[in-house]
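Coordinates from start-v4.pdb are shown below (PDB, C-alpha atoms).
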```
ATOM      1  CA  MET Y 255    -180.494  68.684 -86.299  1.00  0.00           C
ATOM      2  CA  LYS Y 256    -178.298  67.997 -89.323  1.00  0.00           C
ATOM      3  CA  LYS Y 257    -175.261  69.316 -87.405  1.00  0.00           C
ATOM      4  CA  LEU Y 258    -176.026  66.991 -84.479  1.00  0.00           C
ATOM      5  CA  LEU Y 259    -176.413  63.961 -86.775  1.00  0.00           C
ATOM      6  CA  ILE Y 260    -173.151  64.669 -88.628  1.00  0.00           C
ATOM      7  CA  LEU Y 261    -171.171  65.052 -85.388  1.00  0.00           C
ATOM      8  CA  PHE Y 262    -172.748  61.898 -84.004  1.00  0.00           C
ATOM      9  CA  ALA Y 263    -171.722  59.927 -87.103  1.00  0.00           C
ATOM     10  CA  LEU Y 264    -168.172  61.315 -87.196  1.00  0.00           C
ATOM     11  CA  ILE Y 265    -167.479  60.577 -83.547  1.00  0.00           C
ATOM     12  CA  GLY Y 266    -168.844  57.045 -84.048  1.00  0.00           C
ATOM     13  CA  PHE Y 267    -166.047  56.219 -86.482  1.00  0.00           C
ATOM     14  CA  LEU Y 268    -163.523  56.811 -83.697  1.00  0.00           C
ATOM     15  CA  LEU Y 269    -164.951  54.135 -81.413  1.00  0.00           C
ATOM     16  CA  PRO Y 270    -163.659  50.560 -81.418  1.00  0.00           C
ATOM     17  CA  THR Y 271    -166.051  47.622 -81.666  1.00  0.00           C
ATOM     18  CA  PRO Y 272    -166.028  46.360 -78.050  1.00  0.00           C
ATOM     19  CA  THR Y 273    -168.132  43.783 -76.255  1.00  0.00           C
ATOM     20  CA  GLN Y 274    -171.892  44.264 -75.968  1.00  0.00           C
ATOM     21  CA  SER Y 275    -171.765  45.580 -72.377  1.00  0.00           C
ATOM     22  CA  VAL Y 276    -169.166  48.197 -73.267  1.00  0.00           C
ATOM     23  CA  GLN Y 277    -171.025  49.164 -76.431  1.00  0.00           C
ATOM     24  CA  ALA Y 278    -173.920  50.653 -74.470  1.00  0.00           C
ATOM     25  CA  GLN Y 279    -171.524  52.820 -72.440  1.00  0.00           C
ATOM     26  CA  ASP Y 280    -169.660  53.888 -75.558  1.00  0.00           C
ATOM     27  CA  ARG Y 281    -172.887  54.698 -77.402  1.00  0.00           C
ATOM     28  CA  CYS Y 282    -173.947  56.933 -74.498  1.00  0.00           C
ATOM     29  CA  LYS Y 283    -170.559  58.680 -74.423  1.00  0.00           C
ATOM     30  CA  LEU Y 284    -170.735  59.199 -78.179  1.00  0.00           C
ATOM     31  CA  ALA Y 285    -174.235  60.680 -77.930  1.00  0.00           C
ATOM     32  CA  GLU Y 286    -173.186  62.913 -75.023  1.00  0.00           C
ATOM     33  CA  ALA Y 287    -170.190  64.187 -77.012  1.00  0.00           C
ATOM     34  CA  ALA Y 288    -172.411  65.014 -79.995  1.00  0.00           C
ATOM     35  CA  LEU Y 289    -174.843  66.840 -77.696  1.00  0.00           C
ATOM     36  CA  ILE Y 290    -172.073  68.864 -76.042  1.00  0.00           C
ATOM     37  CA  LEU Y 291    -170.494  69.799 -79.386  1.00  0.00           C
ATOM     38  CA  THR Y 292    -173.842  71.138 -80.630  1.00  0.00           C
ATOM     39  CA  GLY Y 293    -174.521  73.226 -77.497  1.00  0.00           C
ATOM     40  CA  TYR Y 294    -176.677  70.835 -75.457  1.00  0.00           C
ATOM     41  CA  THR Y 295    -176.125  69.754 -71.872  1.00  0.00           C
ATOM     42  CA  PRO Y 296    -176.578  65.974 -71.519  1.00  0.00           C
ATOM     43  CA  ARG Y 297    -178.988  64.768 -68.861  1.00  0.00           C
ATOM     44  CA  THR Y 298    -177.806  61.925 -66.649  1.00  0.00           C
ATOM     45  CA  ASP Y 299    -180.970  59.827 -66.958  1.00  0.00           C
ATOM     46  CA  HIS Y 300    -180.044  57.621 -69.928  1.00  0.00           C
ATOM     47  CA  ASP Y 301    -182.255  54.682 -70.782  1.00  0.00           C
ATOM     48  CA  HIS Y 302    -181.414  51.278 -72.213  1.00  0.00           C
ATOM     49  CA  ARG Y 303    -184.064  49.033 -73.717  1.00  0.00           C
ATOM     50  CA  GLN Y 304    -184.085  45.697 -75.480  1.00  0.00           C
ATOM     51  CA  ILE Y 305    -186.498  46.006 -78.380  1.00  0.00           C
ATOM     52  CA  SER Y 306    -187.649  42.898 -80.228  1.00  0.00           C
ATOM     53  CA  TYR Y 307    -187.788  42.863 -83.991  1.00  0.00           C
ATOM     54  CA  LYS Y 308    -190.773  44.685 -85.508  1.00  0.00           C
ATOM     55  CA  SER Y 309    -191.699  45.901 -82.017  1.00  0.00           C
ATOM     56  CA  HIS Y 310    -191.501  49.074 -79.891  1.00  0.00           C
ATOM     57  CA  SER Y 311    -190.758  50.335 -76.409  1.00  0.00           C
ATOM     58  CA  THR Y 312    -192.268  53.343 -74.640  1.00  0.00           C
ATOM     59  CA  LEU Y 313    -191.024  55.432 -71.763  1.00  0.00           C
ATOM     60  CA  GLN Y 314    -192.269  58.504 -69.931  1.00  0.00           C
ATOM     61  CA  LYS Y 315    -190.134  61.635 -69.466  1.00  0.00           C
ATOM     62  CA  THR Y 316    -190.946  65.016 -67.984  1.00  0.00           C
ATOM     63  CA  PHE Y 317    -189.648  68.014 -69.910  1.00  0.00           C
ATOM     64  CA  ILE Y 318    -189.740  71.664 -68.750  1.00  0.00           C
ATOM     65  CA  ALA Y 319    -191.576  74.411 -70.670  1.00  0.00           C
ATOM     66  CA  GLY Y 320    -189.435  76.813 -72.681  1.00  0.00           C
ATOM     67  CA  LYS Y 321    -186.412  74.519 -72.909  1.00  0.00           C
ATOM     68  CA  THR Y 322    -185.153  72.930 -76.115  1.00  0.00           C
ATOM     69  CA  TYR Y 323    -184.298  69.239 -75.902  1.00  0.00           C
ATOM     70  CA  ALA Y 324    -182.637  66.617 -78.070  1.00  0.00           C
ATOM     71  CA  ILE Y 325    -183.104  62.860 -77.824  1.00  0.00           C
ATOM     72  CA  LEU Y 326    -180.706  60.439 -79.510  1.00  0.00           C
ATOM     73  CA  VAL Y 327    -181.424  56.727 -79.873  1.00  0.00           C
ATOM     74  CA  THR Y 328    -178.763  54.271 -81.016  1.00  0.00           C
ATOM     75  CA  PRO Y 329    -178.957  50.484 -81.519  1.00  0.00           C
ATOM     76  CA  SER Y 330    -176.398  47.850 -80.555  1.00  0.00           C
ATOM     77  CA  ASN Y 331    -176.388  46.679 -84.179  1.00  0.00           C
ATOM     78  CA  SER Y 332    -177.608  48.089 -87.507  1.00  0.00           C
ATOM     79  CA  ALA Y 333    -181.299  47.986 -86.544  1.00  0.00           C
ATOM     80  CA  ASN Y 334    -183.509  50.726 -87.977  1.00  0.00           C
ATOM     81  CA  LEU Y 335    -184.806  52.641 -84.939  1.00  0.00           C
ATOM     82  CA  ASP Y 336    -187.461  55.341 -85.204  1.00  0.00           C
ATOM     83  CA  ILE Y 337    -188.441  57.734 -82.436  1.00  0.00           C
ATOM     84  CA  TYR Y 338    -191.776  59.455 -81.812  1.00  0.00           C
ATOM     85  CA  LEU Y 339    -192.605  62.021 -79.112  1.00  0.00           C
ATOM     86  CA  TYR Y 340    -196.188  62.479 -77.828  1.00  0.00           C
ATOM     87  CA  ASP Y 341    -197.475  64.951 -75.249  1.00  0.00           C
ATOM     88  CA  ASP Y 342    -199.749  63.930 -72.360  1.00  0.00           C
ATOM     89  CA  LEU Y 343    -202.823  64.512 -74.565  1.00  0.00           C
ATOM     90  CA  GLY Y 344    -201.581  62.036 -77.183  1.00  0.00           C
ATOM     91  CA  ASN Y 345    -200.552  64.671 -79.734  1.00  0.00           C
ATOM     92  CA  LEU Y 346    -197.567  63.747 -81.895  1.00  0.00           C
ATOM     93  CA  ILE Y 347    -194.992  66.498 -81.255  1.00  0.00           C
ATOM     94  CA  THR Y 348    -192.096  65.368 -83.444  1.00  0.00           C
ATOM     95  CA  TYR Y 349    -190.525  62.233 -84.866  1.00  0.00           C
ATOM     96  CA  ASP Y 350    -187.613  60.768 -86.806  1.00  0.00           C
ATOM     97  CA  ASN Y 351    -188.560  57.813 -88.976  1.00  0.00           C
ATOM     98  CA  THR Y 352    -185.777  57.999 -91.532  1.00  0.00           C
ATOM     99  CA  TYR Y 353    -184.351  54.713 -92.742  1.00  0.00           C
ATOM    100  CA  ASP Y 354    -181.181  54.640 -90.666  1.00  0.00           C
ATOM    101  CA  SER Y 355    -180.084  53.162 -87.381  1.00  0.00           C
ATOM    102  CA  THR Y 356    -179.958  56.362 -85.320  1.00  0.00           C
ATOM    103  CA  GLY Y 357    -183.047  58.285 -84.252  1.00  0.00           C
ATOM    104  CA  ILE Y 358    -182.579  61.964 -83.419  1.00  0.00           C
ATOM    105  CA  ILE Y 359    -185.219  64.538 -82.519  1.00  0.00           C
ATOM    106  CA  GLU Y 360    -184.970  68.132 -81.325  1.00  0.00           C
ATOM    107  CA  PHE Y 361    -187.925  70.044 -79.879  1.00  0.00           C
ATOM    108  CA  THR Y 362    -188.910  72.992 -77.703  1.00  0.00           C
ATOM    109  CA  VAL Y 363    -191.396  72.250 -74.932  1.00  0.00           C
ATOM    110  CA  TYR Y 364    -194.488  74.477 -74.892  1.00  0.00           C
ATOM    111  CA  ARG Y 365    -195.651  73.423 -71.410  1.00  0.00           C
ATOM    112  CA  THR Y 366    -194.171  71.343 -68.620  1.00  0.00           C
ATOM    113  CA  THR Y 367    -195.639  67.865 -68.715  1.00  0.00           C
ATOM    114  CA  THR Y 368    -194.766  64.205 -68.980  1.00  0.00           C
ATOM    115  CA  PHE Y 369    -194.178  63.102 -72.556  1.00  0.00           C
ATOM    116  CA  LYS Y 370    -194.291  59.633 -74.070  1.00  0.00           C
ATOM    117  CA  VAL Y 371    -191.171  58.638 -76.001  1.00  0.00           C
ATOM    118  CA  LEU Y 372    -191.850  55.723 -78.342  1.00  0.00           C
ATOM    119  CA  ILE Y 373    -188.903  53.873 -79.868  1.00  0.00           C
ATOM    120  CA  GLU Y 374    -189.836  51.596 -82.755  1.00  0.00           C
ATOM    121  CA  ASN Y 375    -187.613  48.866 -84.185  1.00  0.00           C
ATOM    122  CA  ARG Y 376    -188.451  48.487 -87.878  1.00  0.00           C
ATOM    123  CA  SER Y 377    -185.777  45.867 -88.449  1.00  0.00           C
ATOM    124  CA  GLY Y 378    -186.128  42.125 -88.785  1.00  0.00           C
ATOM    125  CA  TYR Y 379    -184.022  41.475 -85.667  1.00  0.00           C
ATOM    126  CA  ALA Y 380    -183.835  42.538 -82.012  1.00  0.00           C
ATOM    127  CA  THR Y 381    -181.519  45.226 -80.673  1.00  0.00           C
ATOM    128  CA  ASN Y 382    -180.451  46.882 -77.438  1.00  0.00           C
ATOM    129  CA  ALA Y 383    -181.202  50.593 -77.696  1.00  0.00           C
ATOM    130  CA  SER Y 384    -179.449  53.383 -75.802  1.00  0.00           C
ATOM    131  CA  ILE Y 385    -181.461  56.574 -75.326  1.00  0.00           C
ATOM    132  CA  VAL Y 386    -179.665  59.796 -74.370  1.00  0.00           C
ATOM    133  CA  TYR Y 387    -181.319  63.139 -73.545  1.00  0.00           C
ATOM    134  CA  GLY Y 388    -179.903  66.646 -73.702  1.00  0.00           C
ATOM    135  CA  TYR Y 389    -181.234  70.159 -73.147  1.00  0.00           C
ATOM    136  CA  SER Y 390    -180.181  73.599 -74.264  1.00  0.00           C
ATOM    137  CA  PRO Y 391    -179.030  75.583 -71.225  1.00  0.00           C
ATOM    138  CA  SER Y 392    -180.378  78.881 -72.612  1.00  0.00           C
TER     139      SER Y 392
END
```
Starting from the coordinates I provided, produce the structure as structure tokens.
Amino acid sequence: MKKLLILFALIGFLLPTPTQSVQAQDRCKLAEAALILTGYTPRTDHDHRQISYKSHSTLQKTFIAGKTYAILVTPSNSANLDIYLYDDLGNLITYDNTYDSTGIIEFTVYRTTTFKVLIENRSGYATNASIVYGYSPS
């Protein structure tokens, strides 16, 4: 995961600071590039959510048993976003709650099911979050 985070940060320095609507596209391209450079294949089902300050957003995603996945979450500003992954039984599988703006988790699925992805905004202001998914082809 450290390799993925470092690549994500380095590529981010190359991007200009465009308008809000372009930012979401650029954040997704940046996340996809980081996934590709670390051996993941990006999925095409990106998500975008507006998350109020001190609030959260949840979404449901199906992941296939035996595959390793990565999820990257980036804000439209410097909001502190955390990410938590729960299985269909409510068990916490993995999380990233470090004090930084980008949430990154990597995990291997033990059985095919629909998982709950919870994105939490711990900042004192709202943000638009981009969520990008990748899987290891092996």
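The space separating atom CA of Y:Tyr340 from atom CA of Y:Gly378 comes to 25.2 Å.
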(message) Show me, as a count of residues only, the residues that have an atom within 9 Å of stretch 317-331 of chain Y when counting all atoms listed in the file, minus same-chain residues fewer than 2 positions from it.
(response) 45
(request) Measure the distance from atom CA of Y:Asn375 to atom CA of Y:Ser311 in Å and round it to one decimal. (result) 8.5 Å
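Between atom CA of Y:Ile347 and atom CA of Y:Arg297 the interatomic distance comes to 20.3 Å.
Residue selection for this entry, given the PyMOL selection byres ((chain Y and resi 372) around 8), comprises His310, Ser311, Thr312, Leu313, Ile337, Tyr338, Leu339, Lys370, Val371, Ile373 and Glu374 of chain Y.
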Residues of the last selection are to be written out with C-alpha atoms, as an mmCIF file, in the coordinates of the input.
```cif
data_model
loop_
_atom_site.group_PDB
_atom_site.id
_atom_site.type_symbol
_atom_site.label_atom_id
_atom_site.label_comp_id
_atom_site.auth_asym_id
_atom_site.auth_seq_id
_atom_site.Cartn_x
_atom_site.Cartn_y
_atom_site.Cartn_z
ATOM 1 C CA HIS Y 310 -191.501 49.074 -79.891
ATOM 2 C CA SER Y 311 -190.758 50.335 -76.409
ATOM 3 C CA THR Y 312 -192.268 53.343 -74.640
ATOM 4 C CA LEU Y 313 -191.024 55.432 -71.763
ATOM 5 C CA ILE Y 337 -188.441 57.734 -82.436
ATOM 6 C CA TYR Y 338 -191.776 59.455 -81.812
ATOM 7 C CA LEU Y 339 -192.605 62.021 -79.112
ATOM 8 C CA LYS Y 370 -194.291 59.633 -74.070
ATOM 9 C CA VAL Y 371 -191.171 58.638 -76.001
ATOM 10 C CA ILE Y 373 -188.903 53.873 -79.868
ATOM 11 C CA GLU Y 374 -189.836 51.596 -82.755
#
```
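Distance annotation: of Y:Gln279, Y:Tyr349, Y:Gly293, Y:Asp342, the residue with the minimal separation from Y:Gln314 is Y:Asp342; atom set is only C-alpha atoms.
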Kindly reconstruct stretch 292-326 of chain Y with N, CA and C atoms and present the result as a PDB file, in the frame of the given file.
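Saved as rebuild.pdb:
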```pdb
ATOM      1  N   THR Y 292    -172.797  70.345 -79.970  1.00  0.00           N
ATOM      2  CA  THR Y 292    -173.842  71.138 -80.630  1.00  0.00           C
ATOM      3  C   THR Y 292    -174.562  72.062 -79.651  1.00  0.00           C
ATOM      4  N   GLY Y 293    -173.995  72.236 -78.435  1.00  0.00           N
ATOM      5  CA  GLY Y 293    -174.521  73.226 -77.497  1.00  0.00           C
ATOM      6  C   GLY Y 293    -175.525  72.705 -76.486  1.00  0.00           C
ATOM      7  N   TYR Y 294    -175.751  71.409 -76.434  1.00  0.00           N
ATOM      8  CA  TYR Y 294    -176.677  70.835 -75.457  1.00  0.00           C
ATOM      9  C   TYR Y 294    -175.928  70.375 -74.216  1.00  0.00           C
ATOM     10  N   THR Y 295    -176.640  70.327 -73.106  1.00  0.00           N
ATOM     11  CA  THR Y 295    -176.125  69.754 -71.872  1.00  0.00           C
ATOM     12  C   THR Y 295    -176.771  68.383 -71.709  1.00  0.00           C
ATOM     13  N   PRO Y 296    -175.981  67.303 -71.675  1.00  0.00           N
ATOM     14  CA  PRO Y 296    -176.578  65.974 -71.519  1.00  0.00           C
ATOM     15  C   PRO Y 296    -177.222  65.803 -70.149  1.00  0.00           C
ATOM     16  N   ARG Y 297    -178.377  65.158 -70.127  1.00  0.00           N
ATOM     17  CA  ARG Y 297    -178.988  64.768 -68.861  1.00  0.00           C
ATOM     18  C   ARG Y 297    -178.347  63.453 -68.433  1.00  0.00           C
ATOM     19  N   THR Y 298    -178.448  63.140 -67.158  1.00  0.00           N
ATOM     20  CA  THR Y 298    -177.806  61.925 -66.649  1.00  0.00           C
ATOM     21  C   THR Y 298    -178.741  60.720 -66.647  1.00  0.00           C
ATOM     22  N   ASP Y 299    -179.991  60.913 -67.036  1.00  0.00           N
ATOM     23  CA  ASP Y 299    -180.970  59.827 -66.958  1.00  0.00           C
ATOM     24  C   ASP Y 299    -181.107  59.074 -68.292  1.00  0.00           C
ATOM     25  N   HIS Y 300    -180.012  58.430 -68.705  1.00  0.00           N
ATOM     26  CA  HIS Y 300    -180.044  57.621 -69.928  1.00  0.00           C
ATOM     27  C   HIS Y 300    -180.951  56.413 -69.726  1.00  0.00           C
ATOM     28  N   ASP Y 301    -181.449  55.898 -70.828  1.00  0.00           N
ATOM     29  CA  ASP Y 301    -182.255  54.682 -70.782  1.00  0.00           C
ATOM     30  C   ASP Y 301    -181.655  53.646 -71.721  1.00  0.00           C
ATOM     31  N   HIS Y 302    -181.849  52.388 -71.366  1.00  0.00           N
ATOM     32  CA  HIS Y 302    -181.414  51.278 -72.213  1.00  0.00           C
ATOM     33  C   HIS Y 302    -182.582  50.309 -72.292  1.00  0.00           C
ATOM     34  N   ARG Y 303    -182.926  49.919 -73.501  1.00  0.00           N
ATOM     35  CA  ARG Y 303    -184.064  49.033 -73.717  1.00  0.00           C
ATOM     36  C   ARG Y 303    -183.716  47.958 -74.722  1.00  0.00           C
ATOM     37  N   GLN Y 304    -184.157  46.738 -74.456  1.00  0.00           N
ATOM     38  CA  GLN Y 304    -184.085  45.697 -75.480  1.00  0.00           C
ATOM     39  C   GLN Y 304    -185.401  45.765 -76.240  1.00  0.00           C
ATOM     40  N   ILE Y 305    -185.303  45.880 -77.557  1.00  0.00           N
ATOM     41  CA  ILE Y 305    -186.498  46.006 -78.380  1.00  0.00           C
ATOM     42  C   ILE Y 305    -186.506  44.867 -79.391  1.00  0.00           C
ATOM     43  N   SER Y 306    -187.518  44.030 -79.317  1.00  0.00           N
ATOM     44  CA  SER Y 306    -187.649  42.898 -80.228  1.00  0.00           C
ATOM     45  C   SER Y 306    -187.828  43.387 -81.653  1.00  0.00           C
ATOM     46  N   TYR Y 307    -187.618  42.486 -82.590  1.00  0.00           N
ATOM     47  CA  TYR Y 307    -187.788  42.863 -83.991  1.00  0.00           C
ATOM     48  C   TYR Y 307    -189.246  43.197 -84.277  1.00  0.00           C
ATOM     49  N   LYS Y 308    -189.444  44.198 -85.119  1.00  0.00           N
ATOM     50  CA  LYS Y 308    -190.773  44.685 -85.508  1.00  0.00           C
ATOM     51  C   LYS Y 308    -191.624  45.003 -84.280  1.00  0.00           C
ATOM     52  N   SER Y 309    -191.003  45.591 -83.255  1.00  0.00           N
ATOM     53  CA  SER Y 309    -191.699  45.901 -82.017  1.00  0.00           C
ATOM     54  C   SER Y 309    -191.340  47.329 -81.588  1.00  0.00           C
ATOM     55  N   HIS Y 310    -191.808  47.741 -80.400  1.00  0.00           N
ATOM     56  CA  HIS Y 310    -191.501  49.074 -79.891  1.00  0.00           C
ATOM     57  C   HIS Y 310    -191.395  49.056 -78.368  1.00  0.00           C
ATOM     58  N   SER Y 311    -190.869  50.137 -77.851  1.00  0.00           N
ATOM     59  CA  SER Y 311    -190.758  50.335 -76.409  1.00  0.00           C
ATOM     60  C   SER Y 311    -191.157  51.778 -76.118  1.00  0.00           C
ATOM     61  N   THR Y 312    -191.882  51.986 -75.019  1.00  0.00           N
ATOM     62  CA  THR Y 312    -192.268  53.343 -74.640  1.00  0.00           C
ATOM     63  C   THR Y 312    -191.716  53.682 -73.268  1.00  0.00           C
ATOM     64  N   LEU Y 313    -191.438  54.954 -73.069  1.00  0.00           N
ATOM     65  CA  LEU Y 313    -191.024  55.432 -71.763  1.00  0.00           C
ATOM     66  C   LEU Y 313    -191.599  56.813 -71.556  1.00  0.00           C
ATOM     67  N   GLN Y 314    -191.699  57.216 -70.307  1.00  0.00           N
ATOM     68  CA  GLN Y 314    -192.269  58.504 -69.931  1.00  0.00           C
ATOM     69  C   GLN Y 314    -191.151  59.412 -69.419  1.00  0.00           C
ATOM     70  N   LYS Y 315    -191.128  60.656 -69.907  1.00  0.00           N
ATOM     71  CA  LYS Y 315    -190.134  61.635 -69.466  1.00  0.00           C
ATOM     72  C   LYS Y 315    -190.812  62.977 -69.273  1.00  0.00           C
ATOM     73  N   THR Y 316    -190.435  63.673 -68.218  1.00  0.00           N
ATOM     74  CA  THR Y 316    -190.946  65.016 -67.984  1.00  0.00           C
ATOM     75  C   THR Y 316    -189.944  66.020 -68.545  1.00  0.00           C
ATOM     76  N   PHE Y 317    -190.459  66.958 -69.332  1.00  0.00           N
ATOM     77  CA  PHE Y 317    -189.648  68.014 -69.910  1.00  0.00           C
ATOM     78  C   PHE Y 317    -190.241  69.356 -69.486  1.00  0.00           C
ATOM     79  N   ILE Y 318    -189.376  70.360 -69.303  1.00  0.00           N
ATOM     80  CA  ILE Y 318    -189.740  71.664 -68.750  1.00  0.00           C
ATOM     81  C   ILE Y 318    -190.067  72.665 -69.867  1.00  0.00           C
ATOM     82  N   ALA Y 319    -191.135  73.419 -69.689  1.00  0.00           N
ATOM     83  CA  ALA Y 319    -191.576  74.411 -70.670  1.00  0.00           C
ATOM     84  C   ALA Y 319    -190.482  75.431 -70.971  1.00  0.00           C
ATOM     85  N   GLY Y 320    -190.376  75.796 -72.245  1.00  0.00           N
ATOM     86  CA  GLY Y 320    -189.435  76.813 -72.681  1.00  0.00           C
ATOM     87  C   GLY Y 320    -188.047  76.303 -72.999  1.00  0.00           C
ATOM     88  N   LYS Y 321    -187.734  75.081 -72.627  1.00  0.00           N
ATOM     89  CA  LYS Y 321    -186.412  74.519 -72.909  1.00  0.00           C
ATOM     90  C   LYS Y 321    -186.445  73.739 -74.230  1.00  0.00           C
ATOM     91  N   THR Y 322    -185.312  73.726 -74.900  1.00  0.00           N
ATOM     92  CA  THR Y 322    -185.153  72.930 -76.115  1.00  0.00           C
ATOM     93  C   THR Y 322    -184.385  71.670 -75.756  1.00  0.00           C
ATOM     94  N   TYR Y 323    -184.873  70.541 -76.218  1.00  0.00           N
ATOM     95  CA  TYR Y 323    -184.298  69.239 -75.902  1.00  0.00           C
ATOM     96  C   TYR Y 323    -183.894  68.498 -77.176  1.00  0.00           C
ATOM     97  N   ALA Y 324    -183.000  67.551 -77.010  1.00  0.00           N
ATOM     98  CA  ALA Y 324    -182.637  66.617 -78.070  1.00  0.00           C
ATOM     99  C   ALA Y 324    -182.651  65.221 -77.465  1.00  0.00           C
ATOM    100  N   ILE Y 325    -183.130  64.267 -78.231  1.00  0.00           N
ATOM    101  CA  ILE Y 325    -183.104  62.860 -77.824  1.00  0.00           C
ATOM    102  C   ILE Y 325    -182.418  62.086 -78.939  1.00  0.00           C
ATOM    103  N   LEU Y 326    -181.418  61.289 -78.563  1.00  0.00           N
ATOM    104  CA  LEU Y 326    -180.706  60.439 -79.510  1.00  0.00           C
ATOM    105  C   LEU Y 326    -180.914  58.987 -79.113  1.00  0.00           C
TER     106      LEU Y 326
END
```
